[in-house]
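Report on one structure; see the data block that follows.
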Amino acid sequence: MSSGNAFSLKEKNTRSNALLLFHCKRNSMQQQTLRVWVFEQKRHLEQITSVGPRPVGSQENEVLTVGYLLEQIENIRVETAAGPHQLMVDVQRPTGSFSIDFLGGFTSFYDHVTNIAVRLEPKGGANHLMLANCHFDTVANSPGASDDAVSCAVMLEVLHSLANQSSPLHHGVIFLFNGAEENILQASHGFITQHPWAKQVRAFINLEAAGVGGKEVVFQTGPENPWLVQAYVHAAKHPFASVVGQEVFQSGVIPSDTDFRIYRDFGNIPGIDLAFIENGFIYHTKYDTADRILTDSIQRAGDNILAVLKYLLTSEKLADSSEYRHGNMVFFDLLGVVVVAYPARVGTILNYLVATATFLYLAKKASLPGNRGGRYVWDLACATGVAVLSWFVTLLSVLIVALLVTLLGRSMFWYNHFYSSICLYGAAATGKMIFIHTLAKNLYYGSPQYFLLGDLYFDVSLLLWCCSLVWLTQQGLCSAYVPMLMVSFPLATRLLLAKEFKHRGASVKYSVLYLLGLALPYVHFMFLIWVVFEIFTPIMGRSGTEIPPEVVLASLVTLTTIFLSSFFLHFIYLVRSTKWILAGLASIFIIMFLLVSSGLFFPYSGSPDSPRPKRVFLQHTTRTFHNLQGQVESHDSGLWINSFDYTGIQHITPNIPEINDSVRTHCREDRPFCGYPWFLPVKFLSKKNWYLPAPEVSPSSPLEFRLLSKEETSWGTIKMAFSAKGQGHDI
């Protein structure tokens, strides 16, 4: 028996070693496959961007990039021809027009833009299709690695992976490489309204960028169709999503749009919109190069897109989503580890339950023997008034500081030194809040039991967050989950620590346990705040000359301070003195204000490692104005200069003296778009223009422009038809 046991043990060890060896080999093969996957995506990205900027109509866009994509797609088709899938390619060059309410509204006309549509489906065919969309065109001055070559590189490898699957897909998928997105969403419109395959598309995934690298965030879904969010939650390997981002983006606060709008509005199909958001400072600039996109970002995007597409292409919901069409989803991720998602109707019930529990908690305190006769209600109302007053005084004070910075000519000092804004505006906001509550504690309240005041101001924070919870829920906003977290966790923590607080006040044990109880909502909330600053700080560099960036950033920093300090206000009333804290904050503020005033923080940087370029739009133009009779009214030539940010030409004039305020021009309201050739109708964002006289433009193919016809319509307007012929992009 002993020998038998020894034999069995030896046999088990041998099998275990063999199994371990097998796992090691399999893991090694998986890692090798992973490296190949990433290498191929990186290679595609480098090849696409190697031709330089790819504006619509240029040889780089219409010939070189199209040729490369078709070559890679053909390689995939040949390699997978013996597999269970069939792959079809169609190069579409649609012509059309549409109206859009983006940027104040305009009508867009396009002529023979390029789409490369690749259809992958089982060899027996498919009736229902997913759509994956990227665009390979760029703005005129950028190689567009992140916007949007990296997405096209990822799509090529996802196509390659799906085509190589040994088991056939249940549904088909169209990979659309569109060549005219930067012209404001033209190619996607041409596909969804004119291509015969579009009628079979049931849902889509759109890959975009508002920054360079980092995590790709789900910032739009729907409309409705909660099953799409559920698919992402179930399948994505590296989730990063927030319904807050969706509601902020769809509010129009961010001056940007994607092909999502076209598929939603003109195709009436639901989808998921993903975008890279980090380092938006170099978005749409020459610095958006392939070497700045980290391998991890590419790998993460590829993993997510492949996993989500696989899940959807085997889902029965794609075939008939009508049963799952209605309703919205509350969704948010916890530090990119896991996504929490539930139906909006469940969220509404949950929100009202939390609000009810809060009001019952406050009502119970009001009914205690020592608080009867309305005493607690009165104290709570007065304390709420003090808290709200402190908000307004703090915001006003910080905005005054922002105005002083603007008047000193130091706007956007934080653009290249973000943490300087936290030191200036954050110190001012925090110090003002503490100062006001210290005055209330010493002058208004006198010398009561401090732990009672601490208890009261905790209830004030709870009440104010609860009011915001009820209001957001009544507005039907899914973002109400944020105040729900900010109410439920502090309330539960306080109830659990009630005895500890009553007996010991702000003891070390109480403080530690209290902070632990607030950890989850506060960490999540701070993560959301990071995303807000990650998006809005770079946007201030391209938001035009009319929006004061100091007001925007100072307001964001102050609101952040107010929100984060809410459940810590009561500590002001628990500590003996705040003078050292106030002295420290005042010192930080004064030092930072002096440094900012001296001009130490220059907004821009040409550093190769961390560029912060100033955006200037310069056009060499020759203008000829005609009256309604066709006669020439005026003719001139010059360099038309727009600044994309509030500082105008303040930092340009010292280096180029010819560009100064003496050549500043004003809007001619009697002429369309003020008489300037705006590529986009954004004159309301950049009302400050400079026009430097220059020799006439001399294109190799002179412009031919003539009036073909003119007629008066039945409703009193004049309809004119023109013919224009001139040079393309490749001058």
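Naming scheme: A, B, ... for chains in displayed order of the structure tokens; residues 1 onward per chain; ligands 1 onward as shown.
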Who sits within 6 Å of Pro143 in chain A, only C-alpha atoms, same chain under 3 positions skipped, as a ChimeraX atom specification: /A:49,52-53
Residues from last step as file, N, CA and C atoms, as a PDB file, in the first residue's frame:
```pdb
ATOM      1  N   THR A  49      -0.215  57.381 -40.921  1.00  0.00           N
ATOM      2  CA  THR A  49       0.208  58.747 -40.591  1.00  0.00           C
ATOM      3  C   THR A  49       1.464  59.172 -41.338  1.00  0.00           C
ATOM      4  N   GLY A  52       1.434  62.074 -43.815  1.00  0.00           N
ATOM      5  CA  GLY A  52       1.187  63.436 -43.334  1.00  0.00           C
ATOM      6  C   GLY A  52      -0.301  63.739 -43.220  1.00  0.00           C
ATOM      7  N   PRO A  53      -0.638  65.028 -43.180  1.00  0.00           N
ATOM      8  CA  PRO A  53      -2.055  65.419 -43.098  1.00  0.00           C
ATOM      9  C   PRO A  53      -2.851  64.884 -44.280  1.00  0.00           C
TER      10      PRO A  53
END
```
What lies within 10 Å of Val393 in chain A using only C-alpha atoms, ignoring chain neighbours under 3 positions off, as a ChimeraX atom specification? /A:388-390,396-399,429,432-433,436
Show me, as an MDAnalysis selection string, the residues that have an atom within 7 Å of range 266-269 of chain A when counting only C-alpha atoms, minus same-chain residues fewer than 2 positions from it. chainID A and resid 192:193 202:203 262:264 271
For the residues in the current selection, export N, CA, C and O atoms as a PDB file, in the first residue's frame.
```pdb
ATOM      1  N   ILE A 192     -24.874  56.241 -44.682  1.00  0.00           N
ATOM      2  CA  ILE A 192     -26.107  55.809 -44.013  1.00  0.00           C
ATOM      3  C   ILE A 192     -27.352  56.183 -44.808  1.00  0.00           C
ATOM      4  O   ILE A 192     -28.401  55.561 -44.649  1.00  0.00           O
ATOM      5  N   THR A 193     -27.255  57.167 -45.687  1.00  0.00           N
ATOM      6  CA  THR A 193     -28.425  57.574 -46.471  1.00  0.00           C
ATOM      7  C   THR A 193     -28.427  57.024 -47.892  1.00  0.00           C
ATOM      8  O   THR A 193     -29.483  57.039 -48.545  1.00  0.00           O
ATOM      9  N   ARG A 202     -28.238  47.442 -37.731  1.00  0.00           N
ATOM     10  CA  ARG A 202     -29.133  47.493 -36.567  1.00  0.00           C
ATOM     11  C   ARG A 202     -28.538  48.309 -35.419  1.00  0.00           C
ATOM     12  O   ARG A 202     -29.279  48.806 -34.572  1.00  0.00           O
ATOM     13  N   ALA A 203     -27.221  48.451 -35.358  1.00  0.00           N
ATOM     14  CA  ALA A 203     -26.560  49.216 -34.299  1.00  0.00           C
ATOM     15  C   ALA A 203     -25.136  49.521 -34.766  1.00  0.00           C
ATOM     16  O   ALA A 203     -24.646  48.922 -35.726  1.00  0.00           O
ATOM     17  N   ILE A 262     -24.905  61.569 -36.933  1.00  0.00           N
ATOM     18  CA  ILE A 262     -25.420  61.245 -38.262  1.00  0.00           C
ATOM     19  C   ILE A 262     -26.154  59.910 -38.251  1.00  0.00           C
ATOM     20  O   ILE A 262     -27.270  59.783 -38.767  1.00  0.00           O
ATOM     21  N   TYR A 263     -25.531  58.891 -37.654  1.00  0.00           N
ATOM     22  CA  TYR A 263     -26.175  57.576 -37.622  1.00  0.00           C
ATOM     23  C   TYR A 263     -27.451  57.606 -36.789  1.00  0.00           C
ATOM     24  O   TYR A 263     -28.430  56.932 -37.108  1.00  0.00           O
ATOM     25  N   ARG A 264     -27.431  58.393 -35.723  1.00  0.00           N
ATOM     26  CA  ARG A 264     -28.612  58.503 -34.863  1.00  0.00           C
ATOM     27  C   ARG A 264     -29.736  59.265 -35.557  1.00  0.00           C
ATOM     28  O   ARG A 264     -30.887  58.820 -35.575  1.00  0.00           O
ATOM     29  N   GLY A 271     -26.403  53.385 -31.003  1.00  0.00           N
ATOM     30  CA  GLY A 271     -24.989  53.060 -31.048  1.00  0.00           C
ATOM     31  C   GLY A 271     -24.253  53.399 -29.772  1.00  0.00           C
ATOM     32  O   GLY A 271     -24.832  53.861 -28.786  1.00  0.00           O
TER      33      GLY A 271
END
```
Of the listed residues A:Arg410, A:Lys237, A:Lys687, A:Lys710, that which approaches Ser598 in chain A most closely, counting only C-alpha atoms: A:Arg410
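Coordinates place CA of Thr314 in chain A at a distance of 11.7 Å from CA of Ala235 in chain A.
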Under the rule that only C-alpha atoms are counted, which of A:Tyr376, A:Phe249, A:Tyr425, A:Tyr361 is the nearest residue to Val532 in chain A? A:Phe249
Give the helix (DSSP H, G or I) residues of range 274-353 of chain A, as DSSP finds them on the backbone, and put them as an MDAnalysis selection string. chainID A and resid 280:282 290:292 295:313 316:319 322:324 344:353
If you count only C-alpha atoms, which residues fall within 8 Å of range 633-645 of chain A, apart from same-chain ones fewer than 3 positions away, as number ranges by chain? A: 540-545, 614-627, 648-649, 686, 688-697
Mind the document's chain letters and residue numbers, and return as a ChimeraX atom specification the residues of range 93-272 of chain A that DSSP labels strand (DSSP E or B). /A:96-100,106-110,115-122,129-135,172-178,201-209,216-222,241-242,271-272
